[in-house]
$ cat input26.cif   # mmCIF, C-alpha atoms
data_run
#
loop_
_atom_site.group_PDB
_atom_site.id
_atom_site.type_symbol
_atom_site.label_atom_id
_atom_site.label_comp_id
_atom_site.auth_asym_id
_atom_site.auth_seq_id
_atom_site.Cartn_x
_atom_site.Cartn_y
_atom_site.Cartn_z
ATOM 1 C CA MET L 1 72.238 5.466 92.625
ATOM 2 C CA ARG L 2 71.210 2.618 90.389
ATOM 3 C CA SER L 3 68.407 4.708 88.817
ATOM 4 C CA VAL L 4 70.870 7.490 87.873
ATOM 5 C CA ARG L 5 73.099 4.918 86.215
ATOM 6 C CA ASP L 6 70.119 3.404 84.389
ATOM 7 C CA VAL L 7 69.044 6.834 83.157
ATOM 8 C CA CYS L 8 72.582 7.573 81.926
ATOM 9 C CA ILE L 9 72.776 4.253 80.107
ATOM 10 C CA LEU L 10 69.351 4.834 78.558
ATOM 11 C CA PHE L 11 70.439 8.325 77.493
ATOM 12 C CA LEU L 12 73.622 6.978 75.863
ATOM 13 C CA VAL L 13 71.733 4.210 74.074
ATOM 14 C CA LEU L 14 69.219 6.721 72.717
ATOM 15 C CA LEU L 15 71.981 9.134 71.742
ATOM 16 C CA PHE L 16 73.876 6.527 69.741
ATOM 17 C CA SER L 17 70.773 5.024 68.169
ATOM 18 C CA PHE L 18 69.546 8.398 66.867
ATOM 19 C CA SER L 19 72.995 9.551 65.797
ATOM 20 C CA THR L 20 73.089 6.844 63.119
ATOM 21 C CA LEU L 21 69.910 8.280 61.606
ATOM 22 C CA ALA L 22 71.710 11.540 60.931
ATOM 23 C CA LEU L 23 74.457 9.848 58.974
ATOM 24 C CA ALA L 24 73.586 9.893 55.293
ATOM 25 C CA GLU L 25 75.503 8.808 52.303
ATOM 26 C CA VAL L 26 75.728 11.130 49.323
ATOM 27 C CA GLU L 27 75.982 9.594 45.920
ATOM 28 C CA LYS L 28 77.191 11.577 42.936
ATOM 29 C CA GLY L 29 75.443 10.754 39.688
ATOM 30 C CA ALA L 30 76.204 11.614 36.098
ATOM 31 C CA SER L 31 76.938 15.288 35.593
ATOM 32 C CA LYS L 32 77.201 17.622 32.652
ATOM 33 C CA THR L 33 79.485 20.616 32.175
ATOM 34 C CA LEU L 34 78.312 23.430 29.942
ATOM 35 C CA LYS L 35 80.707 25.868 28.288
ATOM 36 C CA LEU L 36 79.335 29.410 28.577
ATOM 37 C CA GLU L 37 80.172 32.325 26.310
ATOM 38 C CA ALA L 38 80.791 34.679 29.258
ATOM 39 C CA LYS L 39 81.748 34.475 32.945
ATOM 40 C CA PRO L 40 78.655 33.670 35.045
ATOM 41 C CA ILE L 41 77.710 36.008 37.908
ATOM 42 C CA ASP L 42 74.394 34.599 39.147
ATOM 43 C CA MET L 43 71.696 32.172 38.052
ATOM 44 C CA THR L 44 68.102 31.180 38.665
ATOM 45 C CA ILE L 45 65.689 28.544 37.399
ATOM 46 C CA SER L 46 62.157 29.128 36.109
ATOM 47 C CA ALA L 47 59.262 28.046 38.318
ATOM 48 C CA ASP L 48 58.427 25.114 36.037
ATOM 49 C CA GLY L 49 62.087 24.032 35.773
ATOM 50 C CA LYS L 50 62.152 24.313 31.980
ATOM 51 C CA TYR L 51 64.634 27.186 31.765
ATOM 52 C CA THR L 52 67.815 28.295 33.495
ATOM 53 C CA PHE L 53 68.659 31.995 33.429
ATOM 54 C CA ILE L 54 72.358 32.793 33.832
ATOM 55 C CA LEU L 55 73.457 36.371 34.455
ATOM 56 C CA ALA L 56 76.844 36.747 32.781
ATOM 57 C CA GLU L 57 79.478 39.476 32.631
ATOM 58 C CA GLY L 58 78.972 42.063 29.942
ATOM 59 C CA GLY L 59 75.281 42.592 30.637
ATOM 60 C CA LYS L 60 73.965 39.315 29.264
ATOM 61 C CA VAL L 61 71.308 36.904 30.459
ATOM 62 C CA LEU L 62 71.795 33.477 28.893
ATOM 63 C CA ILE L 63 68.617 31.398 28.688
ATOM 64 C CA LEU L 64 69.204 27.647 28.629
ATOM 65 C CA ASN L 65 66.515 25.012 28.142
ATOM 66 C CA SER L 66 66.219 21.876 30.264
ATOM 67 C CA SER L 67 68.694 20.085 27.965
ATOM 68 C CA GLY L 68 71.320 22.776 28.592
ATOM 69 C CA GLU L 69 71.088 24.225 25.083
ATOM 70 C CA LEU L 70 71.206 28.000 24.603
ATOM 71 C CA GLU L 71 67.702 29.204 23.708
ATOM 72 C CA ASP L 72 68.270 32.961 23.670
ATOM 73 C CA THR L 73 70.340 35.823 25.067
ATOM 74 C CA LEU L 74 68.988 39.033 26.600
ATOM 75 C CA GLU L 75 70.973 42.255 26.851
ATOM 76 C CA VAL L 76 70.764 43.976 30.259
ATOM 77 C CA SER L 77 72.728 46.661 32.087
ATOM 78 C CA ASP L 78 76.382 45.908 32.892
ATOM 79 C CA SER L 79 75.757 46.846 36.537
ATOM 80 C CA VAL L 80 73.166 44.091 37.159
ATOM 81 C CA VAL L 81 74.614 41.902 39.921
ATOM 82 C CA SER L 82 71.792 39.518 40.807
ATOM 83 C CA ILE L 83 68.974 37.697 39.017
ATOM 84 C CA GLY L 84 65.826 35.941 40.199
ATOM 85 C CA THR L 85 62.405 34.831 39.011
ATOM 86 C CA SER L 86 58.950 35.552 40.345
ATOM 87 C CA PRO L 87 57.050 32.676 41.988
ATOM 88 C CA SER L 88 54.737 32.487 38.969
ATOM 89 C CA GLY L 89 57.730 32.374 36.601
ATOM 90 C CA ASP L 90 56.431 35.223 34.415
ATOM 91 C CA PHE L 91 59.000 37.805 35.484
ATOM 92 C CA LEU L 92 62.781 38.090 35.679
ATOM 93 C CA LEU L 93 64.043 40.213 38.576
ATOM 94 C CA LEU L 94 67.317 42.056 37.967
ATOM 95 C CA ALA L 95 69.098 43.904 40.788
ATOM 96 C CA ASP L 96 71.188 46.829 39.491
ATOM 97 C CA SER L 97 73.883 47.943 41.963
ATOM 98 C CA LYS L 98 74.876 51.127 40.143
ATOM 99 C CA ALA L 99 71.362 52.534 39.663
ATOM 100 C CA ASN L 100 70.042 51.092 42.969
ATOM 101 C CA THR L 101 67.081 49.579 41.142
ATOM 102 C CA LEU L 102 65.238 46.303 40.784
ATOM 103 C CA GLU L 103 64.166 45.823 37.183
ATOM 104 C CA VAL L 104 61.188 43.543 36.612
ATOM 105 C CA LEU L 105 61.096 42.055 33.101
ATOM 106 C CA LYS L 106 58.006 40.282 31.791
ATOM 107 C CA ILE L 107 59.113 37.132 29.970
ATOM 108 C CA SER L 108 57.140 34.921 27.625
ATOM 109 C CA PHE L 109 58.308 32.330 25.162
ATOM 110 C CA ILE L 110 57.039 32.155 21.586
ATOM 111 C CA VAL L 111 56.433 28.582 20.506
ATOM 112 C CA ASP L 112 56.107 27.514 16.877
ATOM 113 C CA ILE L 113 53.296 25.043 16.268
ATOM 114 C CA ASP L 114 53.648 22.795 13.235
ATOM 115 C CA ILE L 115 50.318 22.886 11.418
ATOM 116 C CA SER L 116 51.491 21.399 8.139
ATOM 117 C CA GLY L 117 48.992 18.906 6.785
ATOM 118 C CA LEU L 118 46.205 20.098 9.098
ATOM 119 C CA PRO L 119 42.931 21.577 7.814
ATOM 120 C CA PHE L 120 42.748 25.382 7.792
ATOM 121 C CA LYS L 121 40.454 28.187 6.787
ATOM 122 C CA GLY L 122 41.736 31.299 5.021
ATOM 123 C CA PRO L 123 44.873 32.021 3.018
ATOM 124 C CA ALA L 124 47.816 29.683 3.617
ATOM 125 C CA ASP L 125 50.278 32.595 3.774
ATOM 126 C CA ALA L 126 48.374 34.608 6.410
ATOM 127 C CA PRO L 127 50.671 36.569 8.787
ATOM 128 C CA VAL L 128 48.846 35.235 11.851
ATOM 129 C CA VAL L 129 47.694 31.697 12.540
ATOM 130 C CA LEU L 130 45.156 30.981 15.248
ATOM 131 C CA ALA L 131 45.320 27.363 16.441
ATOM 132 C CA VAL L 132 42.237 26.010 18.225
ATOM 133 C CA PHE L 133 42.514 22.686 20.020
ATOM 134 C CA SER L 134 38.789 22.004 20.364
ATOM 135 C CA ASP L 135 39.193 18.229 20.635
ATOM 136 C CA TYR L 136 40.867 18.582 24.080
ATOM 137 C CA GLN L 137 37.852 20.115 25.854
#

$ encode --input "input26.cif" --output "structure tokens"
Amino acid sequence: MRSVRDVCILFLVLLFSFSTLALAEVEKGASKTLKLEAKPIDMTISADGKYTFILAEGGKVLILNSSGELEDTLEVSDSVVSIGTSPSGDFLLLADSKANTLEVLKISFIVDIDISGLPFKGPADAPVVLAVFSDYQ
């Protein structure tokens, strides 16, 4: 009889000691509220965390940078109800409920590189500039 009581006491002690591990405190930090130009429906974040894609009413995808600033807007079908990104981050996935389709959009961002004051070869007003970073190899 004493061993049953000892086992029960041991069980209760273990139960209460592990139950405190499950209690966690949540702390709310500084937050930011962004005003959007249209009602949001769905959202996703790029694989690298640099961009947030917000599917909004009216067939718009708002692209925000990591600072929350609007980078660009894409026009999509009004019947798109869900948005996602591929694991590599190169594609936007748009689920269209009316057409029963999944549209896969290839996305890439054009970045301006400031080359003012750097040596160059060829005309200064050339329509294409090829930048070679040979010193980083």

$ residues_around --input "input26.cif" --residues "Thr52 (chain L)" --least-positions-apart "2" --cutoff "10 Å" --atoms "all atoms listed in the file" --output "MDAnalysis selection string"
chainID L and resid 43:47 49:50 54:55 61:71

$ residues_around --input "input26.cif" --residues "Leu105 (chain L)" --least-positions-apart "2" --cutoff "7 Å" --atoms "all atoms listed in the file" --output "count of residues only"
5

$ resolve_selection --input "input26.cif" --expression "the PyMOL selection byres ((chain L and resi 77) around 9)" --output "VMD selection string"
chain L and resid 58 to 60 75 to 76 78 to 80 96

$ write_last_selection --input "input26.cif" --atoms "C-alpha atoms" --output "PDB file, in the coordinates of the input"
ATOM      1  CA  GLY L  58      78.972  42.063  29.942  1.00  0.00           C
ATOM      2  CA  GLY L  59      75.281  42.592  30.637  1.00  0.00           C
ATOM      3  CA  LYS L  60      73.965  39.315  29.264  1.00  0.00           C
ATOM      4  CA  GLU L  75      70.973  42.255  26.851  1.00  0.00           C
ATOM      5  CA  VAL L  76      70.764  43.976  30.259  1.00  0.00           C
ATOM      6  CA  ASP L  78      76.382  45.908  32.892  1.00  0.00           C
ATOM      7  CA  SER L  79      75.757  46.846  36.537  1.00  0.00           C
ATOM      8  CA  VAL L  80      73.166  44.091  37.159  1.00  0.00           C
ATOM      9  CA  ASP L  96      71.188  46.829  39.491  1.00  0.00           C
TER      10      ASP L  96
END

$ residues_around --input "input26.cif" --residues "Lys39 (chain L)" --least-positions-apart "2" --cutoff "9 Å" --atoms "all atoms listed in the file" --output "number ranges by chain"
L: 36-37, 41, 55-58

$ closest_residue --input "input26.cif" --among "L:Phe109, L:Val4, L:Ser116, L:Pro40" --to "Val81 (chain L)" --atoms "only C-alpha atoms"
L:Pro40

$ residues_near_point --input "input26.cif" --point "(44.1, 27.9, 12.3)" --cutoff "10 Å" --atoms "only C-alpha atoms" --output "VMD selection string"
chain L and resid 115 118 to 122 124 126 128 to 133

$ atom_distance --input "input26.cif" --atom1 "CA of Ser97 (chain L)" --atom2 "CA of Leu34 (chain L)"
27.7 Å

$ atom_distance --input "input26.cif" --atom1 "CA of Phe53 (chain L)" --atom2 "CA of Gly84 (chain L)"
8.3 Å

$ atom_distance --input "input26.cif" --atom1 "CA of Asp72 (chain L)" --atom2 "CA of Ala30 (chain L)"
25.9 Å

$ axis_aligned_box --input "input26.cif" --around "region 67-82 of chain L" --padding-each-side "3 Å" --output "lines of an AutoDock Vina configuration file"
center_x = 72.0
center_y = 33.5
center_z = 32.2
size_x = 14.7
size_y = 32.8
size_z = 23.1

$ decode --input "input26.cif" --residues "region 1-73 of chain L" --atoms "C-alpha atoms" --output "PDB file, in the first residue's frame"
ATOM      1  CA  MET L   1       0.000   0.000   0.000  1.00  0.00           C
ATOM      2  CA  ARG L   2       2.857   2.312   0.806  1.00  0.00           C
ATOM      3  CA  SER L   3       4.444   1.744  -2.638  1.00  0.00           C
ATOM      4  CA  VAL L   4       1.201   2.761  -4.413  1.00  0.00           C
ATOM      5  CA  ARG L   5       1.108   5.942  -2.364  1.00  0.00           C
ATOM      6  CA  ASP L   6       4.775   6.632  -3.129  1.00  0.00           C
ATOM      7  CA  VAL L   7       4.166   6.124  -6.846  1.00  0.00           C
ATOM      8  CA  CYS L   8       1.174   8.494  -6.745  1.00  0.00           C
ATOM      9  CA  ILE L   9       3.177  11.143  -4.918  1.00  0.00           C
ATOM     10  CA  LEU L  10       6.051  10.750  -7.377  1.00  0.00           C
ATOM     11  CA  PHE L  11       3.597  11.040 -10.274  1.00  0.00           C
ATOM     12  CA  LEU L  12       2.077  14.238  -8.839  1.00  0.00           C
ATOM     13  CA  VAL L  13       5.493  15.769  -8.193  1.00  0.00           C
ATOM     14  CA  LEU L  14       6.571  15.016 -11.762  1.00  0.00           C
ATOM     15  CA  LEU L  15       3.283  16.307 -13.150  1.00  0.00           C
ATOM     16  CA  PHE L  16       3.564  19.640 -11.360  1.00  0.00           C
ATOM     17  CA  SER L  17       7.266  20.057 -12.056  1.00  0.00           C
ATOM     18  CA  PHE L  18       6.826  19.558 -15.817  1.00  0.00           C
ATOM     19  CA  SER L  19       3.654  21.625 -16.000  1.00  0.00           C
ATOM     20  CA  THR L  20       5.624  24.761 -15.114  1.00  0.00           C
ATOM     21  CA  LEU L  21       7.845  24.181 -18.145  1.00  0.00           C
ATOM     22  CA  ALA L  22       4.833  24.529 -20.411  1.00  0.00           C
ATOM     23  CA  LEU L  23       3.928  27.917 -19.018  1.00  0.00           C
ATOM     24  CA  ALA L  24       5.497  30.614 -21.157  1.00  0.00           C
ATOM     25  CA  GLU L  25       5.203  34.314 -21.050  1.00  0.00           C
ATOM     26  CA  VAL L  26       4.521  36.197 -24.262  1.00  0.00           C
ATOM     27  CA  GLU L  27       5.924  39.649 -24.600  1.00  0.00           C
ATOM     28  CA  LYS L  28       4.613  42.076 -27.187  1.00  0.00           C
ATOM     29  CA  GLY L  29       7.250  44.290 -28.745  1.00  0.00           C
ATOM     30  CA  ALA L  30       7.035  47.379 -30.895  1.00  0.00           C
ATOM     31  CA  SER L  31       4.642  46.984 -33.795  1.00  0.00           C
ATOM     32  CA  LYS L  32       3.913  48.848 -36.983  1.00  0.00           C
ATOM     33  CA  THR L  33       0.596  49.326 -38.765  1.00  0.00           C
ATOM     34  CA  LEU L  34       0.626  49.809 -42.514  1.00  0.00           C
ATOM     35  CA  LYS L  35      -2.213  51.501 -44.385  1.00  0.00           C
ATOM     36  CA  LEU L  36      -3.000  49.547 -47.560  1.00  0.00           C
ATOM     37  CA  GLU L  37      -4.662  50.916 -50.674  1.00  0.00           C
ATOM     38  CA  ALA L  38      -7.098  47.978 -50.889  1.00  0.00           C
ATOM     39  CA  LYS L  39      -8.656  45.364 -48.588  1.00  0.00           C
ATOM     40  CA  PRO L  40      -6.202  42.480 -48.052  1.00  0.00           C
ATOM     41  CA  ILE L  41      -7.327  38.926 -48.865  1.00  0.00           C
ATOM     42  CA  ASP L  42      -4.171  36.855 -48.348  1.00  0.00           C
ATOM     43  CA  MET L  43      -0.434  37.339 -47.930  1.00  0.00           C
ATOM     44  CA  THR L  44       2.883  35.543 -48.150  1.00  0.00           C
ATOM     45  CA  ILE L  45       6.535  36.361 -47.546  1.00  0.00           C
ATOM     46  CA  SER L  46       9.434  35.701 -49.919  1.00  0.00           C
ATOM     47  CA  ALA L  47      11.844  32.900 -49.039  1.00  0.00           C
ATOM     48  CA  ASP L  48      14.598  35.361 -48.119  1.00  0.00           C
ATOM     49  CA  GLY L  49      12.224  37.539 -46.056  1.00  0.00           C
ATOM     50  CA  LYS L  50      12.930  40.671 -48.098  1.00  0.00           C
ATOM     51  CA  TYR L  51       9.450  41.055 -49.585  1.00  0.00           C
ATOM     52  CA  THR L  52       5.853  40.662 -48.471  1.00  0.00           C
ATOM     53  CA  PHE L  53       3.251  39.939 -51.138  1.00  0.00           C
ATOM     54  CA  ILE L  54      -0.294  40.988 -50.232  1.00  0.00           C
ATOM     55  CA  LEU L  55      -3.205  39.836 -52.375  1.00  0.00           C
ATOM     56  CA  ALA L  56      -5.778  42.625 -52.257  1.00  0.00           C
ATOM     57  CA  GLU L  57      -9.322  43.066 -53.542  1.00  0.00           C
ATOM     58  CA  GLY L  58      -9.613  44.298 -57.089  1.00  0.00           C
ATOM     59  CA  GLY L  59      -7.028  41.916 -58.513  1.00  0.00           C
ATOM     60  CA  LYS L  60      -3.916  43.509 -57.053  1.00  0.00           C
ATOM     61  CA  VAL L  61      -0.767  42.079 -55.520  1.00  0.00           C
ATOM     62  CA  LEU L  62       0.991  44.679 -53.379  1.00  0.00           C
ATOM     63  CA  ILE L  63       4.726  44.093 -52.981  1.00  0.00           C
ATOM     64  CA  LEU L  64       6.212  45.570 -49.813  1.00  0.00           C
ATOM     65  CA  ASN L  65       9.904  45.611 -48.932  1.00  0.00           C
ATOM     66  CA  SER L  66      11.272  44.672 -45.516  1.00  0.00           C
ATOM     67  CA  SER L  67      10.724  48.259 -44.309  1.00  0.00           C
ATOM     68  CA  GLY L  68       7.021  48.055 -45.190  1.00  0.00           C
ATOM     69  CA  GLU L  69       7.294  50.452 -48.130  1.00  0.00           C
ATOM     70  CA  LEU L  70       5.347  49.732 -51.322  1.00  0.00           C
ATOM     71  CA  GLU L  71       7.808  48.559 -53.987  1.00  0.00           C
ATOM     72  CA  ASP L  72       5.396  47.673 -56.786  1.00  0.00           C
ATOM     73  CA  THR L  73       1.875  46.522 -57.631  1.00  0.00           C
TER      74      THR L  73
END
